[in-house]
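Student: Structure provided below as structure tokens; questions to follow.
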Amino acid sequence: MNKLLLFFVSGILFPVILFAEANPVPQVPTRAEADTAISAEMQAREDREAERMAAIEAVPSFEEWELDHGNRKTILRRVAAPPQHVTIRESESTDETTTEPKWSEEEIAAWIAAQPVPRSLNLSAVVYDRTFTEITWRDEDQREWTVLSNIDFRYLGGIGHFEDQSYHWMTFLFVDEVDSEKETQTARLAAEKGFDYTPRTAERWLNILPSDFLPTSPLHDSTTPSSPEYIIIAEHEGSAIPAELYEKLDALHQHYHAHEERLVAEYERRKVLNEARRAYREANPPEPKDTVINFWRVE
């Protein structure tokens with residue numbers, strides 16, 4: 001039987017100086033403020049579309065054809081080719097000559113060397129009850145490693161980027177969520193209808209986690225750990241953990257530690273705005289619109 005090994009790692013064991021990010025902590029709008037903002041956003045979009053359509057239809061046409069799609073039409077309009085605008089700028093003679101400063105090869109090489117090296121960070125994760133995260137990380141040979149983190153990865157999910165002193169990280173984090181109560185309800189309803197459903201649960205991890213590992217809120221208080229931490233699960237005794245795993249998870253956890261307040265606020269802001277946007281679309285379903293296409297002969 002394989003022995004389960006736990007490797008406990010603090011996210012700040014290896015200090016990294018993060019570049020200061022200019023992004024301020026965004027304000028999380030109320031639902032009423034979000035509704036107002038989304039309404040203005042949608043109205044501006046409609047105004048731009050109307051202006052664009054008016055500009056297309058204002059061009060005189062030689063011929064027009066209509067394709068009827070039932071609830072909408074595609075209108076093809078043959079128009080004259082737009083004029084080719086060529087601007088010739090005549091320079092005035094002057095006794096003064098302005099030259100751009102030229103970089104030496106050494107200066108160019110130094111500038112290139114100072115730029116962060118691009119790296120990618122890909123992983124999938126499951127957040128249990130908005131409390132902790134089970135991470136699946138794969139190496140280049142597609143070998144999987146399981147990592148438990150006390151970070152709520154909802155605040156890191158999706159496509160993003162950040163920089164530390166060595167790299168510019170592009171992140172592709174695929175995050176799923178598990179709500180234990182909903183999972184229990186789903187299993188009960190499935191059983192009532194004669195289906196077999198095994199609820200996803202965090203019980204197997206809760207039994208092995210240290211008592212002070214789990215945070216109780218998105219922003220730590222005095223009763224929670226002072227820094228993000230993670231635990232690596234090794235299924236085989238003596239398994240060698242890739243150095244790249246430590247490197248990438250250290251960088252990600254340190255980024256979260258340095259910018260937790262902003263990351264949480266950005267997530268909450270997106271959530272409120274998305275809810276308002278969804279409600280607006282439900283209350284104002286889009287109506288089918290005609291498509292107008294101008295075309296001309298290319299000579």
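By order of appearance in the structure tokens: chains A, B, ..., then residues from 1 within every chain, and ligands from 1 in the order shown.
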Do you know which residues are at most 10 Å from Thr291 (chain A) counting only C-alpha atoms, after dropping those on the same chain fewer than 3 positions away, and could you put them as a list in words?

Tutor: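 The filter keeps Met53, Glu66, Leu67, Arg72, Lys73, Thr74, Ile75, Leu76 and Pro288 of chain A.
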
Student: With N, CA and C atoms retained, export the selected residues as a PDB file, in the first residue's frame.

Tutor:
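So the final result, stored in out.pdb, reads:
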```pdb
ATOM      1  N   MET A  53     -23.858  52.016 -37.886  1.00  0.00           N
ATOM      2  CA  MET A  53     -24.838  51.648 -38.907  1.00  0.00           C
ATOM      3  C   MET A  53     -25.224  52.846 -39.756  1.00  0.00           C
ATOM      4  N   GLU A  66     -31.042  41.880 -50.744  1.00  0.00           N
ATOM      5  CA  GLU A  66     -31.493  41.508 -49.408  1.00  0.00           C
ATOM      6  C   GLU A  66     -31.590  39.992 -49.291  1.00  0.00           C
ATOM      7  N   LEU A  67     -31.049  39.465 -48.202  1.00  0.00           N
ATOM      8  CA  LEU A  67     -31.183  38.049 -47.883  1.00  0.00           C
ATOM      9  C   LEU A  67     -32.067  37.939 -46.650  1.00  0.00           C
ATOM     10  N   ARG A  72     -34.687  38.449 -39.418  1.00  0.00           N
ATOM     11  CA  ARG A  72     -33.710  39.496 -39.699  1.00  0.00           C
ATOM     12  C   ARG A  72     -33.262  39.373 -41.153  1.00  0.00           C
ATOM     13  N   LYS A  73     -32.566  40.409 -41.639  1.00  0.00           N
ATOM     14  CA  LYS A  73     -32.100  40.429 -43.015  1.00  0.00           C
ATOM     15  C   LYS A  73     -30.611  40.754 -43.068  1.00  0.00           C
ATOM     16  N   THR A  74     -29.975  40.286 -44.144  1.00  0.00           N
ATOM     17  CA  THR A  74     -28.625  40.715 -44.473  1.00  0.00           C
ATOM     18  C   THR A  74     -28.732  41.536 -45.748  1.00  0.00           C
ATOM     19  N   ILE A  75     -28.291  42.787 -45.689  1.00  0.00           N
ATOM     20  CA  ILE A  75     -28.402  43.707 -46.814  1.00  0.00           C
ATOM     21  C   ILE A  75     -27.006  43.947 -47.383  1.00  0.00           C
ATOM     22  N   LEU A  76     -26.838  43.596 -48.645  1.00  0.00           N
ATOM     23  CA  LEU A  76     -25.560  43.785 -49.332  1.00  0.00           C
ATOM     24  C   LEU A  76     -25.669  45.012 -50.218  1.00  0.00           C
ATOM     25  N   PRO A 288     -33.385  40.684 -32.725  1.00  0.00           N
ATOM     26  CA  PRO A 288     -32.681  40.444 -33.993  1.00  0.00           C
ATOM     27  C   PRO A 288     -32.530  41.745 -34.777  1.00  0.00           C
TER      28      PRO A 288
END
```

Student: What lies within 9 Å of region 263-272 of chain A using only C-alpha atoms, ignoring chain neighbours under 3 positions off, as a ChimeraX atom specification?

Tutor: /A:25-31,34,154-156,218-219,256,259-260,275-277

Student: Do you know which residues are at most 12 Å from region 125-139 of chain A counting only C-alpha atoms, after dropping those on the same chain fewer than 6 positions away, and could you put them as a PyMOL selection string?

Tutor: chain A and resi 145-158+172-183+200-206+209+213-220+224+228-233+241-246+248-249

Student: Where in region 97-145 of chain A does DSSP assign strand (DSSP E or B), given as a ChimeraX atom specification?

Tutor: /A:117-128,132-138,144-145

Student: Using only C-alpha atoms, pick whichever of A:Ser227, A:Asp290, A:Ala109, A:Asp196 has the shortest atom-to-atom distance to His255 (chain A).

Tutor: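 With only C-alpha atoms as the atom set, the closest residue is A:Ser227.
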
Student: Restricting the calculation to only C-alpha atoms: of A:Ser211, A:Ser120, A:Thr198, A:Thr184, which residue gets closest to Trp169 (chain A)?

Tutor: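 Of A:Ser211, A:Ser120, A:Thr198, A:Thr184, the one nearest Trp169 (chain A) is A:Ser120, counting only C-alpha atoms.
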
Student: Please, what distance in Å, to one decimal, runs between CA of Trp296 (chain A) and CA of Arg78 (chain A)?

Tutor: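 Separation of CA of Trp296 (chain A) and CA of Arg78 (chain A): 5.6 Å.
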
Student: Using only C-alpha atoms, find the one residue out of A:Val59, A:Ala50, A:Ala110, A:Ala251 that sits nearest to His161 (chain A).

Tutor: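 Ranked by minimum distance to His161 (chain A), first place goes to A:Ala251.
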
Student: Quick one: of A:Asn284, A:Gln84, A:Ser61, A:Ser166, who's nearest to Glu247 (chain A), counting only C-alpha atoms?

Tutor: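 Among the listed residues, the smallest separation from Glu247 (chain A) belongs to A:Ser166.
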
Student: Please report the interatomic distance between CA of Ser39 (chain A) and CA of Ile293 (chain A) in Å with one decimal.

Tutor: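 These atoms are spaced 28.5 Å apart.
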
Student: Could you check how far CA of Arg77 (chain A) sits from CA of Arg52 (chain A), in Å to one decimal?

Tutor: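 So the answer is 15.1 Å.
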